Amino acid sequence: MRKKPSAKVENPTKIDPKLNNTAFYQNIYNKADSIFPYTGNIQIRMPADTINSIVVLKEYSEITIPNQSSAAYFDKYTTEQIEARPYDKFSTGDKIRRLNYPIHTGSIYGLPTKIIAFIVCLFAATLPITGLIIWLGRKKKGAKK
């Protein structure tokens, strides 16, 4: 069974008075969970300004590729749903951009790709050192006659 969040709202002055602090986040959590019924981690991002809406990201947990999450947008004051975007509806460019970080950290397919990324990084780190050794060795050969 999943643990329900119980965070408090920082500035509840403009929030709907019918919702208390705990119910505010719980309401958003429940709505996002009903929009995207699969299991996965839910991330609630509160906006710092008054213009933006609350963004809720729900990540697929059964898939080995990270950053495959759907997004739902809610009104900051009333928690009304504005838009819901499943991962399948994102453009190809958005999907590729989300893969940038997992590819560079090697977390795209778990431990095997982390080991491959480590070996590649180790090899890339030795290139300047071996280049310097070759360059210094060239000076020791002397001039050709």
# chains A, B, ... in the order shown; residues from 1 in each chain; ligands from 1
>>> closest_atom_pairs(of="segment 82-134 of chain A", to="segment 19-37 of chain A", cutoff="10 Å", atoms="only C-alpha atoms", output="JSON lines")
{"residue": "A:Ala84", "atom": "CA", "partner": "A:Ile35", "partner_atom": "CA", "distance": 7.6}
{"residue": "A:Arg85", "atom": "CA", "partner": "A:Phe36", "partner_atom": "CA", "distance": 9.6}
{"residue": "A:Pro86", "atom": "CA", "partner": "A:Phe36", "partner_atom": "CA", "distance": 7.8}
>>> write_last_selection(atoms="all heavy atoms", output="short mmCIF file (atom, residue, chain, number, x, y, z; two decimals), in the first residue's frame")
data_model
loop_
_atom_site.label_atom_id
_atom_site.label_comp_id
_atom_site.auth_asym_id
_atom_site.auth_seq_id
_atom_site.Cartn_x
_atom_site.Cartn_y
_atom_site.Cartn_z
N ALA A 84 -4.28 17.31 -18.85
CA ALA A 84 -3.59 16.05 -18.55
C ALA A 84 -2.89 15.59 -19.82
O ALA A 84 -3.52 15.52 -20.88
CB ALA A 84 -4.57 14.99 -18.07
N ARG A 85 -1.58 15.32 -19.72
CA ARG A 85 -0.81 14.89 -20.88
C ARG A 85 -0.13 13.57 -20.57
O ARG A 85 0.88 13.54 -19.86
CB ARG A 85 0.24 15.93 -21.24
CG ARG A 85 -0.37 17.20 -21.77
CD ARG A 85 0.68 18.18 -22.20
NE ARG A 85 1.38 17.66 -23.38
CZ ARG A 85 2.46 18.21 -23.87
NH1 ARG A 85 3.00 19.25 -23.29
NH2 ARG A 85 3.04 17.71 -24.92
N PRO A 86 -0.65 12.46 -21.11
CA PRO A 86 0.05 11.18 -20.94
C PRO A 86 1.37 11.21 -21.70
O PRO A 86 1.55 11.99 -22.62
CB PRO A 86 -0.91 10.16 -21.54
CG PRO A 86 -2.17 10.87 -21.84
CD PRO A 86 -1.90 12.32 -21.80
#
>>> residues_around(residues="Gly40 of chain A", least_positions_apart="2", cutoff="6 Å", atoms="only C-alpha atoms", output="ChimeraX atom specification")
/A:59-61
>>> atom_distance(atom1="atom CA of Ser70 of chain A", atom2="atom CA of Thr50 of chain A")
23.3 Å
>>> select_by_dssp(residues="segment 18-139 of chain A", states="alpha helix (DSSP H)", output="CSV table (one decimal) with all heavy atoms, in the first residue's frame")
chain,number,residue,atom,x,y,z
A,21,ASN,N,-4.9,22.4,4.8
A,21,ASN,CA,-3.5,22.2,4.3
A,21,ASN,C,-3.2,20.8,3.8
A,21,ASN,O,-2.7,20.5,2.7
A,21,ASN,CB,-2.5,22.6,5.4
A,21,ASN,CG,-2.5,24.0,5.7
A,21,ASN,OD1,-3.1,24.8,4.9
A,21,ASN,ND2,-2.0,24.4,6.8
A,22,THR,N,-3.6,19.8,4.6
A,22,THR,CA,-3.3,18.4,4.2
A,22,THR,C,-4.3,18.0,3.1
A,22,THR,O,-3.8,17.3,2.2
A,22,THR,CB,-3.5,17.4,5.4
A,22,THR,OG1,-2.7,17.9,6.5
A,22,THR,CG2,-3.2,16.0,5.1
A,23,ALA,N,-5.5,18.4,3.1
A,23,ALA,CA,-6.4,18.0,2.1
A,23,ALA,C,-6.1,18.6,0.7
A,23,ALA,O,-6.4,18.1,-0.3
A,23,ALA,CB,-7.8,18.4,2.5
A,24,PHE,N,-5.4,19.7,0.7
A,24,PHE,CA,-5.0,20.4,-0.5
A,24,PHE,C,-4.1,19.4,-1.3
A,24,PHE,O,-4.4,19.1,-2.5
A,24,PHE,CB,-4.2,21.7,-0.2
A,24,PHE,CG,-3.8,22.4,-1.4
A,24,PHE,CD1,-4.6,23.2,-2.2
A,24,PHE,CD2,-2.4,22.4,-1.8
A,24,PHE,CE1,-4.2,23.8,-3.3
A,24,PHE,CE2,-2.0,23.1,-2.9
A,24,PHE,CZ,-2.9,23.8,-3.6
A,25,TYR,N,-3.0,18.9,-0.7
A,25,TYR,CA,-2.1,18.0,-1.4
A,25,TYR,C,-2.8,16.7,-1.7
A,25,TYR,O,-2.5,16.0,-2.7
A,25,TYR,CB,-0.8,17.8,-0.6
A,25,TYR,CG,0.1,19.0,-0.7
A,25,TYR,CD1,0.4,19.8,0.3
A,25,TYR,CD2,0.7,19.3,-1.9
A,25,TYR,CE1,1.2,20.9,0.2
A,25,TYR,CE2,1.6,20.3,-2.1
A,25,TYR,CZ,1.9,21.1,-1.0
A,25,TYR,OH,2.7,22.2,-1.1
A,26,GLN,N,-3.6,16.2,-0.7
A,26,GLN,CA,-4.2,14.9,-0.9
A,26,GLN,C,-5.2,15.0,-2.0
A,26,GLN,O,-5.3,14.0,-2.8
A,26,GLN,CB,-5.0,14.6,0.4
A,26,GLN,CG,-5.5,13.1,0.5
A,26,GLN,CD,-4.3,12.1,0.4
A,26,GLN,OE1,-3.4,12.3,1.2
A,26,GLN,NE2,-4.4,11.1,-0.4
A,27,ASN,N,-5.9,16.1,-2.2
A,27,ASN,CA,-6.8,16.3,-3.3
A,27,ASN,C,-6.1,16.2,-4.7
A,27,ASN,O,-6.5,15.5,-5.6
A,27,ASN,CB,-7.6,17.6,-3.1
A,27,ASN,CG,-8.7,17.7,-4.1
A,27,ASN,OD1,-9.2,16.7,-4.6
A,27,ASN,ND2,-9.2,18.9,-4.3
A,28,ILE,N,-5.0,16.9,-4.8
A,28,ILE,CA,-4.2,16.9,-6.0
A,28,ILE,C,-3.6,15.5,-6.2
A,28,ILE,O,-3.7,14.9,-7.4
A,28,ILE,CB,-3.0,17.9,-5.9
A,28,ILE,CG1,-3.6,19.3,-5.9
A,28,ILE,CG2,-2.0,17.7,-7.0
A,28,ILE,CD1,-2.5,20.3,-5.6
A,29,TYR,N,-3.2,14.8,-5.2
A,29,TYR,CA,-2.6,13.5,-5.3
A,29,TYR,C,-3.7,12.5,-5.8
A,29,TYR,O,-3.4,11.7,-6.7
A,29,TYR,CB,-2.1,13.0,-3.9
A,29,TYR,CG,-1.5,11.6,-3.9
A,29,TYR,CD1,-0.1,11.4,-4.2
A,29,TYR,CD2,-2.2,10.5,-3.6
A,29,TYR,CE1,0.4,10.2,-4.3
A,29,TYR,CE2,-1.7,9.3,-3.7
A,29,TYR,CZ,-0.3,9.1,-4.0
A,29,TYR,OH,0.2,7.8,-4.0
A,30,ASN,N,-4.9,12.5,-5.2
A,30,ASN,CA,-5.9,11.6,-5.6
A,30,ASN,C,-6.4,11.9,-7.0
A,30,ASN,O,-6.7,10.9,-7.8
A,30,ASN,CB,-7.1,11.8,-4.6
A,30,ASN,CG,-6.8,11.2,-3.2
A,30,ASN,OD1,-5.9,10.5,-3.1
A,30,ASN,ND2,-7.5,11.7,-2.3
A,31,LYS,N,-6.5,13.1,-7.4
A,31,LYS,CA,-6.9,13.4,-8.8
A,31,LYS,C,-5.9,12.9,-9.8
A,31,LYS,O,-6.2,12.3,-10.8
A,31,LYS,CB,-7.1,14.9,-9.0
A,31,LYS,CG,-8.4,15.5,-8.4
A,31,LYS,CD,-8.5,17.0,-8.6
A,31,LYS,CE,-9.8,17.5,-8.0
A,31,LYS,NZ,-9.9,18.9,-8.2
A,32,ALA,N,-4.6,13.1,-9.5
A,32,ALA,CA,-3.5,12.7,-10.4
A,32,ALA,C,-3.5,11.1,-10.5
A,32,ALA,O,-3.3,10.6,-11.5
A,32,ALA,CB,-2.2,13.2,-10.0
A,33,ASP,N,-3.7,10.5,-9.4
A,33,ASP,CA,-3.8,9.0,-9.3
A,33,ASP,C,-4.9,8.5,-10.1
A,33,ASP,O,-4.8,7.4,-10.7
A,33,ASP,CB,-3.8,8.6,-7.8
A,33,ASP,CG,-3.1,7.3,-7.6
A,33,ASP,OD1,-2.3,6.9,-8.5
A,33,ASP,OD2,-3.4,6.6,-6.6
A,34,SER,N,-6.1,9.2,-10.1
A,34,SER,CA,-7.2,8.7,-10.9
A,34,SER,C,-7.0,9.0,-12.4
A,34,SER,O,-7.5,8.2,-13.2
A,34,SER,CB,-8.5,9.3,-10.4
A,34,SER,OG,-8.5,10.7,-10.6
A,35,ILE,N,-6.3,10.1,-12.7
A,35,ILE,CA,-6.1,10.4,-14.1
A,35,ILE,C,-5.2,9.4,-14.8
A,35,ILE,O,-5.4,8.9,-15.9
A,35,ILE,CB,-5.5,11.8,-14.3
A,35,ILE,CG1,-6.5,12.9,-13.9
A,35,ILE,CG2,-5.1,12.1,-15.7
A,35,ILE,CD1,-6.0,14.2,-13.7
A,92,THR,N,8.0,13.8,-30.1
A,92,THR,CA,9.3,13.0,-30.2
A,92,THR,C,10.4,13.8,-29.6
A,92,THR,O,11.3,13.3,-29.0
A,92,THR,CB,9.5,12.6,-31.7
A,92,THR,OG1,8.4,12.0,-32.2
A,92,THR,CG2,10.7,11.7,-31.8
A,93,GLY,N,10.5,15.1,-29.9
A,93,GLY,CA,11.5,16.0,-29.3
A,93,GLY,C,11.5,16.0,-27.8
A,93,GLY,O,12.6,15.9,-27.2
A,94,ASP,N,10.3,16.0,-27.2
A,94,ASP,CA,10.2,16.0,-25.7
A,94,ASP,C,10.7,14.7,-25.2
A,94,ASP,O,11.4,14.6,-24.2
A,94,ASP,CB,8.8,16.2,-25.3
A,94,ASP,CG,8.4,17.7,-25.4
A,94,ASP,OD1,9.3,18.6,-25.3
A,94,ASP,OD2,7.2,18.0,-25.4
A,95,LYS,N,10.4,13.6,-25.9
A,95,LYS,CA,10.8,12.3,-25.4
A,95,LYS,C,12.3,12.1,-25.5
A,95,LYS,O,12.9,11.6,-24.6
A,95,LYS,CB,10.1,11.2,-26.2
A,95,LYS,CG,8.6,11.1,-26.0
A,95,LYS,CD,8.0,10.1,-26.9
A,95,LYS,CE,6.5,10.0,-26.6
A,95,LYS,NZ,5.8,9.1,-27.5
A,96,ILE,N,12.9,12.6,-26.6
A,96,ILE,CA,14.4,12.5,-26.8
A,96,ILE,C,15.1,13.4,-25.7
A,96,ILE,O,16.1,13.0,-25.1
A,96,ILE,CB,14.8,12.9,-28.2
A,96,ILE,CG1,14.3,11.8,-29.2
A,96,ILE,CG2,16.3,13.1,-28.3
A,96,ILE,CD1,14.4,12.2,-30.6
A,97,ARG,N,14.5,14.6,-25.5
A,97,ARG,CA,15.1,15.5,-24.5
A,97,ARG,C,15.1,14.9,-23.1
A,97,ARG,O,16.0,15.1,-22.3
A,97,ARG,CB,14.4,16.9,-24.5
A,97,ARG,CG,15.1,17.9,-23.7
A,97,ARG,CD,14.5,19.3,-23.8
A,97,ARG,NE,13.1,19.3,-23.5
A,97,ARG,CZ,12.2,19.8,-24.4
A,97,ARG,NH1,12.5,20.3,-25.5
A,97,ARG,NH2,10.9,19.8,-24.0
A,98,ARG,N,14.0,14.1,-22.8
A,98,ARG,CA,13.9,13.5,-21.5
A,98,ARG,C,14.9,12.3,-21.3
A,98,ARG,O,15.3,11.9,-20.2
A,98,ARG,CB,12.5,12.9,-21.2
A,98,ARG,CG,11.5,14.0,-21.0
A,98,ARG,CD,10.2,13.3,-20.8
A,98,ARG,NE,9.2,14.4,-20.5
A,98,ARG,CZ,8.1,14.1,-19.8
A,98,ARG,NH1,7.9,13.0,-19.3
A,98,ARG,NH2,7.2,15.1,-19.6
A,99,LEU,N,15.4,11.8,-22.4
A,99,LEU,CA,16.4,10.7,-22.4
A,99,LEU,C,17.8,11.2,-22.2
A,99,LEU,O,18.8,10.4,-22.0
A,99,LEU,CB,16.3,9.9,-23.6
A,99,LEU,CG,15.2,8.9,-23.7
A,99,LEU,CD1,15.1,8.2,-25.1
A,99,LEU,CD2,15.2,7.9,-22.6
A,100,ASN,N,18.1,12.5,-22.4
A,100,ASN,CA,19.4,13.1,-22.3
A,100,ASN,C,20.1,12.8,-21.0
A,100,ASN,O,21.2,12.3,-21.0
A,100,ASN,CB,19.3,14.6,-22.5
A,100,ASN,CG,20.7,15.2,-22.8
A,100,ASN,OD1,21.6,14.5,-23.2
A,100,ASN,ND2,20.8,16.5,-22.6
A,101,TYR,N,19.5,13.0,-19.9
A,101,TYR,CA,20.1,12.8,-18.6
A,101,TYR,C,20.3,11.3,-18.3
A,101,TYR,O,21.4,10.9,-17.9
A,101,TYR,CB,19.2,13.4,-17.5
A,101,TYR,CG,19.8,13.3,-16.1
A,101,TYR,CD1,20.9,14.0,-15.7
A,101,TYR,CD2,19.3,12.3,-15.2
A,101,TYR,CE1,21.5,13.9,-14.4
A,101,TYR,CE2,19.9,12.2,-14.0
A,101,TYR,CZ,21.0,12.9,-13.6
A,101,TYR,OH,21.5,12.8,-12.3
A,102,PRO,N,19.3,10.4,-18.5
A,102,PRO,CA,19.6,9.0,-18.3
A,102,PRO,C,20.7,8.4,-19.2
A,102,PRO,O,21.4,7.5,-18.7
A,102,PRO,CB,18.2,8.3,-18.6
A,102,PRO,CG,17.2,9.4,-18.5
A,102,PRO,CD,17.9,10.7,-18.8
A,103,ILE,N,20.8,8.9,-20.4
A,103,ILE,CA,21.9,8.4,-21.3
A,103,ILE,C,23.2,8.8,-20.7
A,103,ILE,O,24.2,8.0,-20.7
A,103,ILE,CB,21.7,8.9,-22.7
A,103,ILE,CG1,20.5,8.1,-23.4
A,103,ILE,CG2,23.0,8.7,-23.5
A,103,ILE,CD1,20.1,8.6,-24.7
A,104,HIS,N,23.4,10.0,-20.3
A,104,HIS,CA,24.7,10.5,-19.8
A,104,HIS,C,25.0,10.0,-18.4
A,104,HIS,O,26.2,9.9,-18.1
A,104,HIS,CB,24.7,12.0,-19.8
A,104,HIS,CG,24.8,12.6,-21.2
A,104,HIS,ND1,23.8,12.8,-22.0
A,104,HIS,CD2,26.0,13.0,-21.8
A,104,HIS,CE1,24.2,13.3,-23.1
A,104,HIS,NE2,25.5,13.4,-23.1
A,105,THR,N,24.1,9.5,-17.6
A,105,THR,CA,24.4,8.9,-16.3
A,105,THR,C,24.5,7.4,-16.4
A,105,THR,O,24.9,6.8,-15.4
A,105,THR,CB,23.4,9.4,-15.3
A,105,THR,OG1,22.1,9.0,-15.7
A,105,THR,CG2,23.4,10.9,-15.0
A,111,LEU,N,21.9,-1.5,-14.3
A,111,LEU,CA,23.3,-1.7,-14.0
A,111,LEU,C,24.2,-2.0,-15.2
A,111,LEU,O,25.3,-1.4,-15.2
A,111,LEU,CB,23.4,-2.9,-13.0
A,111,LEU,CG,24.8,-3.1,-12.4
A,111,LEU,CD1,25.3,-1.9,-11.6
A,111,LEU,CD2,24.8,-4.3,-11.5
A,112,PRO,N,23.8,-2.7,-16.2
A,112,PRO,CA,24.7,-2.9,-17.3
A,112,PRO,C,25.1,-1.6,-18.0
A,112,PRO,O,26.3,-1.4,-18.4
A,112,PRO,CB,23.9,-3.8,-18.3
A,112,PRO,CG,23.0,-4.5,-17.4
A,112,PRO,CD,22.6,-3.6,-16.3
A,113,THR,N,24.2,-0.7,-18.2
A,113,THR,CA,24.5,0.5,-18.9
A,113,THR,C,25.3,1.5,-17.9
A,113,THR,O,26.1,2.3,-18.4
A,113,THR,CB,23.3,1.3,-19.4
A,113,THR,OG1,22.4,1.5,-18.4
A,113,THR,CG2,22.7,0.5,-20.5
A,114,LYS,N,25.2,1.3,-16.7
A,114,LYS,CA,26.0,2.1,-15.7
A,114,LYS,C,27.4,1.6,-15.8
A,114,LYS,O,28.4,2.4,-15.7
A,114,LYS,CB,25.5,2.0,-14.3
A,114,LYS,CG,24.2,2.8,-14.1
A,114,LYS,CD,23.8,2.8,-12.6
A,114,LYS,CE,22.6,3.6,-12.5
A,114,LYS,NZ,22.3,4.1,-11.1
A,115,ILE,N,27.7,0.3,-15.9
A,115,ILE,CA,29.0,-0.2,-16.1
A,115,ILE,C,29.6,0.2,-17.4
A,115,ILE,O,30.8,0.6,-17.4
A,115,ILE,CB,29.0,-1.8,-16.0
A,115,ILE,CG1,28.6,-2.2,-14.5
A,115,ILE,CG2,30.3,-2.4,-16.3
A,115,ILE,CD1,28.3,-3.6,-14.4
A,116,ILE,N,28.9,0.2,-18.5
A,116,ILE,CA,29.4,0.7,-19.7
A,116,ILE,C,29.7,2.1,-19.7
A,116,ILE,O,30.8,2.6,-20.2
A,116,ILE,CB,28.3,0.4,-20.9
A,116,ILE,CG1,28.2,-1.1,-21.1
A,116,ILE,CG2,28.7,1.1,-22.2
A,116,ILE,CD1,27.1,-1.5,-22.0
A,117,ALA,N,28.9,2.9,-19.1
A,117,ALA,CA,29.1,4.4,-19.0
A,117,ALA,C,30.4,4.6,-18.1
A,117,ALA,O,31.2,5.5,-18.4
A,117,ALA,CB,27.9,5.1,-18.3
A,118,PHE,N,30.6,3.8,-17.1
A,118,PHE,CA,31.8,4.0,-16.3
A,118,PHE,C,33.0,3.7,-17.1
A,118,PHE,O,34.0,4.4,-17.0
A,118,PHE,CB,31.7,3.1,-15.0
A,118,PHE,CG,33.0,3.0,-14.2
A,118,PHE,CD1,33.3,4.1,-13.4
A,118,PHE,CD2,33.8,2.0,-14.3
A,118,PHE,CE1,34.5,4.1,-12.7
A,118,PHE,CE2,35.0,1.9,-13.5
A,118,PHE,CZ,35.3,3.0,-12.7
A,119,ILE,N,33.0,2.6,-17.8
A,119,ILE,CA,34.2,2.2,-18.7
A,119,ILE,C,34.5,3.3,-19.7
A,119,ILE,O,35.6,3.7,-19.9
A,119,ILE,CB,34.0,0.8,-19.3
A,119,ILE,CG1,34.0,-0.2,-18.2
A,119,ILE,CG2,35.0,0.5,-20.3
A,119,ILE,CD1,33.5,-1.6,-18.7
A,120,VAL,N,33.4,3.8,-20.3
A,120,VAL,CA,33.6,4.9,-21.4
A,120,VAL,C,34.2,6.1,-20.7
A,120,VAL,O,35.1,6.8,-21.3
A,120,VAL,CB,32.3,5.1,-22.1
A,120,VAL,CG1,32.3,6.4,-22.9
A,120,VAL,CG2,31.9,4.0,-22.9
A,121,CYS,N,33.7,6.5,-19.6
A,121,CYS,CA,34.2,7.7,-18.9
A,121,CYS,C,35.6,7.5,-18.4
A,121,CYS,O,36.4,8.4,-18.5
A,121,CYS,CB,33.3,8.0,-17.7
A,121,CYS,SG,31.7,8.7,-18.1
A,122,LEU,N,36.0,6.3,-17.9
A,122,LEU,CA,37.3,6.0,-17.5
A,122,LEU,C,38.3,6.1,-18.7
A,122,LEU,O,39.4,6.7,-18.6
A,122,LEU,CB,37.4,4.6,-16.9
A,122,LEU,CG,38.6,4.2,-16.2
A,122,LEU,CD1,38.9,5.2,-15.0
A,122,LEU,CD2,38.6,2.8,-15.7
A,123,PHE,N,37.9,5.6,-19.9
A,123,PHE,CA,38.7,5.7,-21.1
A,123,PHE,C,38.8,7.1,-21.5
A,123,PHE,O,39.9,7.6,-21.9
A,123,PHE,CB,38.0,4.9,-22.2
A,123,PHE,CG,38.7,5.0,-23.5
A,123,PHE,CD1,39.9,4.4,-23.8
A,123,PHE,CD2,38.1,5.7,-24.6
A,123,PHE,CE1,40.5,4.6,-25.0
A,123,PHE,CE2,38.7,5.9,-25.8
A,123,PHE,CZ,39.9,5.3,-26.0
A,124,ALA,N,37.8,7.9,-21.5
A,124,ALA,CA,37.8,9.3,-21.9
A,124,ALA,C,38.7,10.1,-20.9
A,124,ALA,O,39.4,11.1,-21.4
A,124,ALA,CB,36.4,9.9,-21.9
A,125,ALA,N,38.7,9.8,-19.7
A,125,ALA,CA,39.6,10.5,-18.7
A,125,ALA,C,41.0,10.2,-18.9
A,125,ALA,O,41.9,11.0,-18.6
A,125,ALA,CB,39.1,10.1,-17.3
A,126,THR,N,41.4,9.0,-19.5
A,126,THR,CA,42.8,8.7,-19.7
A,126,THR,C,43.3,9.3,-21.0
A,126,THR,O,44.6,9.3,-21.1
A,126,THR,CB,43.0,7.1,-19.7
A,126,THR,OG1,42.2,6.6,-20.8
A,126,THR,CG2,42.6,6.5,-18.4
A,127,LEU,N,42.5,9.7,-21.9
A,127,LEU,CA,43.0,10.2,-23.2
A,127,LEU,C,43.9,11.4,-23.0
A,127,LEU,O,45.0,11.5,-23.7
A,127,LEU,CB,41.8,10.6,-24.1
A,127,LEU,CG,41.1,9.4,-24.7
A,127,LEU,CD1,39.9,9.8,-25.5
A,127,LEU,CD2,42.0,8.5,-25.5
A,128,PRO,N,43.6,12.4,-22.2
A,128,PRO,CA,44.6,13.6,-22.0
A,128,PRO,C,45.9,13.1,-21.4
A,128,PRO,O,47.0,13.6,-21.8
A,128,PRO,CB,43.9,14.5,-21.1
A,128,PRO,CG,42.4,14.2,-21.2
A,128,PRO,CD,42.4,12.7,-21.5
A,129,ILE,N,45.9,12.2,-20.5
A,129,ILE,CA,47.1,11.7,-19.9
A,129,ILE,C,48.0,10.9,-20.9
A,129,ILE,O,49.2,11.2,-21.0
A,129,ILE,CB,46.8,10.8,-18.6
A,129,ILE,CG1,46.0,11.6,-17.6
A,129,ILE,CG2,48.0,10.2,-18.1
A,129,ILE,CD1,45.3,10.8,-16.5
A,130,THR,N,47.4,10.0,-21.6
A,130,THR,CA,48.2,9.3,-22.6
A,130,THR,C,48.6,10.2,-23.7
A,130,THR,O,49.7,10.0,-24.3
A,130,THR,CB,47.3,8.1,-23.2
A,130,THR,OG1,46.1,8.6,-23.7
A,130,THR,CG2,47.1,7.1,-22.1
A,131,GLY,N,47.9,11.2,-24.1
A,131,GLY,CA,48.3,12.2,-25.1
A,131,GLY,C,49.5,12.9,-24.6
A,131,GLY,O,50.4,13.2,-25.4
A,132,LEU,N,49.5,13.3,-23.4
A,132,LEU,CA,50.7,14.1,-22.8
A,132,LEU,C,51.9,13.2,-22.8
A,132,LEU,O,53.0,13.6,-23.1
A,132,LEU,CB,50.3,14.6,-21.4
A,132,LEU,CG,51.4,15.3,-20.7
A,132,LEU,CD1,51.7,16.6,-21.4
A,132,LEU,CD2,51.1,15.6,-19.3
A,133,ILE,N,51.7,11.9,-22.4
A,133,ILE,CA,52.9,11.0,-22.4
A,133,ILE,C,53.4,10.8,-23.8
A,133,ILE,O,54.7,10.8,-24.0
A,133,ILE,CB,52.4,9.6,-21.8
A,133,ILE,CG1,52.1,9.8,-20.3
A,133,ILE,CG2,53.5,8.6,-22.0
A,133,ILE,CD1,51.5,8.6,-19.6
A,134,ILE,N,52.6,10.6,-24.8
A,134,ILE,CA,53.1,10.5,-26.2
A,134,ILE,C,53.8,11.8,-26.6
A,134,ILE,O,54.8,11.7,-27.3
A,134,ILE,CB,51.9,10.2,-27.1
A,134,ILE,CG1,51.4,8.7,-26.8
A,134,ILE,CG2,52.3,10.3,-28.6
A,134,ILE,CD1,50.1,8.4,-27.5
A,135,TRP,N,53.2,12.9,-26.3
A,135,TRP,CA,53.8,14.2,-26.7
A,135,TRP,C,55.2,14.4,-26.1
A,135,TRP,O,56.1,14.9,-26.7
A,135,TRP,CB,52.9,15.3,-26.4
A,135,TRP,CG,53.4,16.7,-26.8
A,135,TRP,CD1,53.4,17.2,-28.0
A,135,TRP,CD2,53.8,17.7,-25.9
A,135,TRP,NE1,53.9,18.4,-28.0
A,135,TRP,CE2,54.2,18.8,-26.7
A,135,TRP,CE3,54.0,17.8,-24.5
A,135,TRP,CZ2,54.7,20.0,-26.2
A,135,TRP,CZ3,54.5,19.0,-24.0
A,135,TRP,CH2,54.8,20.1,-24.8
A,136,LEU,N,55.3,14.1,-24.8
A,136,LEU,CA,56.6,14.2,-24.1
A,136,LEU,C,57.6,13.2,-24.6
A,136,LEU,O,58.8,13.5,-24.7
A,136,LEU,CB,56.4,14.0,-22.6
A,136,LEU,CG,55.7,15.1,-21.8
A,136,LEU,CD1,55.5,14.8,-20.4
A,136,LEU,CD2,56.5,16.4,-21.9
A,137,GLY,N,57.2,12.0,-25.0
A,137,GLY,CA,58.0,11.0,-25.6
A,137,GLY,C,58.6,11.4,-26.9
A,137,GLY,O,59.7,11.0,-27.3
A,138,ARG,N,57.9,12.1,-27.6
A,138,ARG,CA,58.3,12.6,-29.0
A,138,ARG,C,59.5,13.5,-28.8
A,138,ARG,O,60.4,13.5,-29.7
A,138,ARG,CB,57.1,13.3,-29.6
A,138,ARG,CG,57.3,13.6,-31.1
A,138,ARG,CD,56.2,14.3,-31.7
A,138,ARG,NE,56.1,15.6,-31.0
A,138,ARG,CZ,55.5,16.7,-31.4
A,138,ARG,NH1,54.7,16.5,-32.5
A,138,ARG,NH2,55.5,17.8,-30.8
A,139,LYS,N,59.5,14.3,-27.8
A,139,LYS,CA,60.7,15.2,-27.6
A,139,LYS,C,62.0,14.5,-27.3
A,139,LYS,O,63.0,14.9,-27.6
A,139,LYS,CB,60.4,16.2,-26.5
A,139,LYS,CG,59.4,17.3,-26.8
A,139,LYS,CD,59.3,18.2,-25.7
A,139,LYS,CE,58.5,19.5,-26.1
A,139,LYS,NZ,58.5,20.5,-25.0
>>> atom_distance(atom1="atom CA of Phe90 of chain A", atom2="atom CA of Tyr77 of chain A")
26.3 Å
>>> select_by_dssp(residues="segment 30-67 of chain A", states="strand (DSSP E or B)", output="list in words")
Ile42, Gln43, Ile44, Arg45, Ile54, Val55, Val56, Leu57, Lys58 and Glu59 of chain A
>>> atom_distance(atom1="atom CA of Asp88 of chain A", atom2="atom CA of Lys76 of chain A")
25.4 Å
>>> closest_residue(among="A:Ile108, A:Ile54, A:Ala48, A:Ile42", to="Thr78 of chain A", atoms="only C-alpha atoms")
A:Ile54
